[in-house]
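Containing PDB, C-alpha atoms: data.pdb.
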ATOM      1  CA  MET A1282       3.027   6.562  -4.899
ATOM      2  CA  ASN A1283       3.409   3.048  -3.516
ATOM      3  CA  ALA A1284       0.615   0.491  -3.141
ATOM      4  CA  ILE A1285       0.323   0.852   0.641
ATOM      5  CA  ALA A1286       0.103   4.647   0.379
ATOM      6  CA  GLU A1287      -2.623   4.376  -2.262
ATOM      7  CA  PHE A1288      -4.514   1.738  -0.254
ATOM      8  CA  VAL A1289      -4.516   3.727   2.997
ATOM      9  CA  LYS A1290      -5.521   6.958   1.278
ATOM     10  CA  GLN A1291      -8.339   5.274  -0.666
ATOM     11  CA  LYS A1292      -9.688   3.392   2.352
ATOM     12  CA  ARG A1293      -9.482   6.474   4.571
ATOM     13  CA  LYS A1294     -11.476   8.475   2.043
ATOM     14  CA  GLU A1295     -14.011   5.653   1.619
ATOM     15  CA  ALA A1296     -14.477   5.732   5.392
ATOM     16  CA  GLY A1297     -15.152   9.459   5.159
ATOM     17  CA  LEU A1298     -12.212  10.368   7.376
ATOM     18  CA  THR A1299      -9.881  13.314   7.091
ATOM     19  CA  GLN A1300      -6.194  12.696   7.689
ATOM     20  CA  GLU A1301      -6.610  14.265  11.140
ATOM     21  CA  GLU A1302      -9.558  12.032  12.035
ATOM     22  CA  PHE A1303      -7.733   8.941  10.790
ATOM     23  CA  ALA A1304      -4.648   9.877  12.808
ATOM     24  CA  MET A1305      -6.703  10.281  15.973
ATOM     25  CA  ARG A1306      -8.651   7.035  15.525
ATOM     26  CA  SER A1307      -5.587   4.973  14.656
ATOM     27  CA  GLY A1308      -3.431   6.449  17.420
ATOM     28  CA  LEU A1309      -0.900   7.777  14.925
ATOM     29  CA  GLY A1310       0.439  11.257  14.447
ATOM     30  CA  LEU A1311      -0.882  13.477  11.669
ATOM     31  CA  ARG A1312       2.623  13.940  10.272
ATOM     32  CA  PHE A1313       3.038  10.163  10.015
ATOM     33  CA  VAL A1314      -0.293   9.787   8.186
ATOM     34  CA  ARG A1315       0.722  12.504   5.726
ATOM     35  CA  ASP A1316       4.139  10.918   5.164
ATOM     36  CA  LEU A1317       2.561   7.494   4.692
ATOM     37  CA  GLU A1318       0.010   8.715   2.153
ATOM     38  CA  GLN A1319       2.737  10.550   0.240
ATOM     39  CA  GLY A1320       4.662   7.289  -0.080
ATOM     40  CA  LYS A1321       7.634   8.275   2.064
ATOM     41  CA  GLU A1322       9.873   5.211   2.132
ATOM     42  CA  THR A1323      11.390   5.747   5.569
ATOM     43  CA  VAL A1324       8.214   5.295   7.609
ATOM     44  CA  ARG A1325       8.328   2.729  10.434
ATOM     45  CA  MET A1326       6.839  -0.653   9.627
ATOM     46  CA  ASP A1327       5.150  -0.998  13.021
ATOM     47  CA  LYS A1328       3.300   2.252  12.415
ATOM     48  CA  VAL A1329       2.433   1.230   8.855
ATOM     49  CA  ASN A1330       0.841  -1.901  10.298
ATOM     50  CA  GLN A1331      -0.965   0.182  12.900
ATOM     51  CA  ALA A1332      -2.501   2.202  10.063
ATOM     52  CA  LEU A1333      -3.317  -0.908   8.009
ATOM     53  CA  ALA A1334      -4.937  -2.557  11.042
ATOM     54  CA  MET A1335      -7.707   0.041  10.778
ATOM     55  CA  PHE A1336      -8.756  -1.802   7.603
ATOM     56  CA  GLY A1337      -8.048  -5.350   8.762
ATOM     57  CA  MET A1338      -4.759  -5.577   6.856
ATOM     58  CA  GLU A1339      -1.077  -6.106   7.672
ATOM     59  CA  ALA A1340       2.133  -5.590   5.691
ATOM     60  CA  ILE A1341       4.637  -8.399   5.785
ATOM     61  CA  PRO A1342       8.246  -7.304   5.120
ATOM     62  CA  GLY A1343       9.821  -8.991   2.122
ATOM     63  CA  ARG A1344       6.511 -10.030   0.626
ATOM     64  CA  ARG A1345       5.233  -8.359  -2.528
ATOM     65  CA  HIS A1346       1.691  -8.224  -3.807
ATOM     66  CA  ASP A1347       1.599  -8.256  -7.608
TER      67      ASP A1347
END
Representation of the structure as structure tokens:
Amino acid sequence: MNAIAEFVKQKRKEAGLTQEEFAMRSGLGLRFVRDLEQGKETVRMDKVNQALAMFGMEAIPGRRHD
């Protein structure tokens, strides 16, 4: 699982949200949330950032966090 997938899943659980609740609150589809948390590599970056925005974060393409 990639770092973003782990981060979103952990933060969602810390917030006490199910995947369905997170999808509704973030304005994303449930299928996208599931794909994201499973580390699917073909998810859209704009939607990834929409999910990360729920936790005050943003992914920047080409930048790695070590």
Checklist entry - On this structure, which residues satisfy the PyMOL selection byres ((chain A and resi 1290-1303) around 12), written as JSON, numbers by chain? => result {"A": [1282, 1283, 1284, 1285, 1286, 1287, 1288, 1289, 1304, 1305, 1306, 1307, 1308, 1309, 1310, 1311, 1312, 1313, 1314, 1315, 1316, 1317, 1318, 1319, 1320, 1331, 1332, 1333, 1334, 1335, 1336, 1337, 1338]}
For the selection just defined, write its residues with C-alpha atoms to a file, as a PDB file, in the coordinates of the input.
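Here's the written file again_23.pdb:
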ATOM      1  CA  MET A1282       3.027   6.562  -4.899  1.00  0.00           C
ATOM      2  CA  ASN A1283       3.409   3.048  -3.516  1.00  0.00           C
ATOM      3  CA  ALA A1284       0.615   0.491  -3.141  1.00  0.00           C
ATOM      4  CA  ILE A1285       0.323   0.852   0.641  1.00  0.00           C
ATOM      5  CA  ALA A1286       0.103   4.647   0.379  1.00  0.00           C
ATOM      6  CA  GLU A1287      -2.623   4.376  -2.262  1.00  0.00           C
ATOM      7  CA  PHE A1288      -4.514   1.738  -0.254  1.00  0.00           C
ATOM      8  CA  VAL A1289      -4.516   3.727   2.997  1.00  0.00           C
ATOM      9  CA  ALA A1304      -4.648   9.877  12.808  1.00  0.00           C
ATOM     10  CA  MET A1305      -6.703  10.281  15.973  1.00  0.00           C
ATOM     11  CA  ARG A1306      -8.651   7.035  15.525  1.00  0.00           C
ATOM     12  CA  SER A1307      -5.587   4.973  14.656  1.00  0.00           C
ATOM     13  CA  GLY A1308      -3.431   6.449  17.420  1.00  0.00           C
ATOM     14  CA  LEU A1309      -0.900   7.777  14.925  1.00  0.00           C
ATOM     15  CA  GLY A1310       0.439  11.257  14.447  1.00  0.00           C
ATOM     16  CA  LEU A1311      -0.882  13.477  11.669  1.00  0.00           C
ATOM     17  CA  ARG A1312       2.623  13.940  10.272  1.00  0.00           C
ATOM     18  CA  PHE A1313       3.038  10.163  10.015  1.00  0.00           C
ATOM     19  CA  VAL A1314      -0.293   9.787   8.186  1.00  0.00           C
ATOM     20  CA  ARG A1315       0.722  12.504   5.726  1.00  0.00           C
ATOM     21  CA  ASP A1316       4.139  10.918   5.164  1.00  0.00           C
ATOM     22  CA  LEU A1317       2.561   7.494   4.692  1.00  0.00           C
ATOM     23  CA  GLU A1318       0.010   8.715   2.153  1.00  0.00           C
ATOM     24  CA  GLN A1319       2.737  10.550   0.240  1.00  0.00           C
ATOM     25  CA  GLY A1320       4.662   7.289  -0.080  1.00  0.00           C
ATOM     26  CA  GLN A1331      -0.965   0.182  12.900  1.00  0.00           C
ATOM     27  CA  ALA A1332      -2.501   2.202  10.063  1.00  0.00           C
ATOM     28  CA  LEU A1333      -3.317  -0.908   8.009  1.00  0.00           C
ATOM     29  CA  ALA A1334      -4.937  -2.557  11.042  1.00  0.00           C
ATOM     30  CA  MET A1335      -7.707   0.041  10.778  1.00  0.00           C
ATOM     31  CA  PHE A1336      -8.756  -1.802   7.603  1.00  0.00           C
ATOM     32  CA  GLY A1337      -8.048  -5.350   8.762  1.00  0.00           C
ATOM     33  CA  MET A1338      -4.759  -5.577   6.856  1.00  0.00           C
TER      34      MET A1338
END
Hey, could you pull the box centre and edge lengths for segment 1315-1324 of chain A, axis-aligned, 4 Å padding per side, all listed atoms, to one decimal in Å, as JSON?
{"center_x": 5.7, "center_y": 8.9, "center_z": 3.8, "size_x": 19.4, "size_y": 15.3, "size_z": 15.7}
Using only C-alpha atoms, which residues sit within 12 Å of Ile1341 of chain A once same-chain residues fewer than 5 positions away are excluded, as a CSV table (one decimal) with C-alpha atoms, keeping the file's coordinate frame?
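out.csv, freshly written:
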chain,number,residue,atom,x,y,z
A,1285,ILE,CA,0.3,0.9,0.6
A,1326,MET,CA,6.8,-0.7,9.6
A,1327,ASP,CA,5.2,-1.0,13.0
A,1329,VAL,CA,2.4,1.2,8.9
A,1330,ASN,CA,0.8,-1.9,10.3
A,1333,LEU,CA,-3.3,-0.9,8.0
A,1346,HIS,CA,1.7,-8.2,-3.8
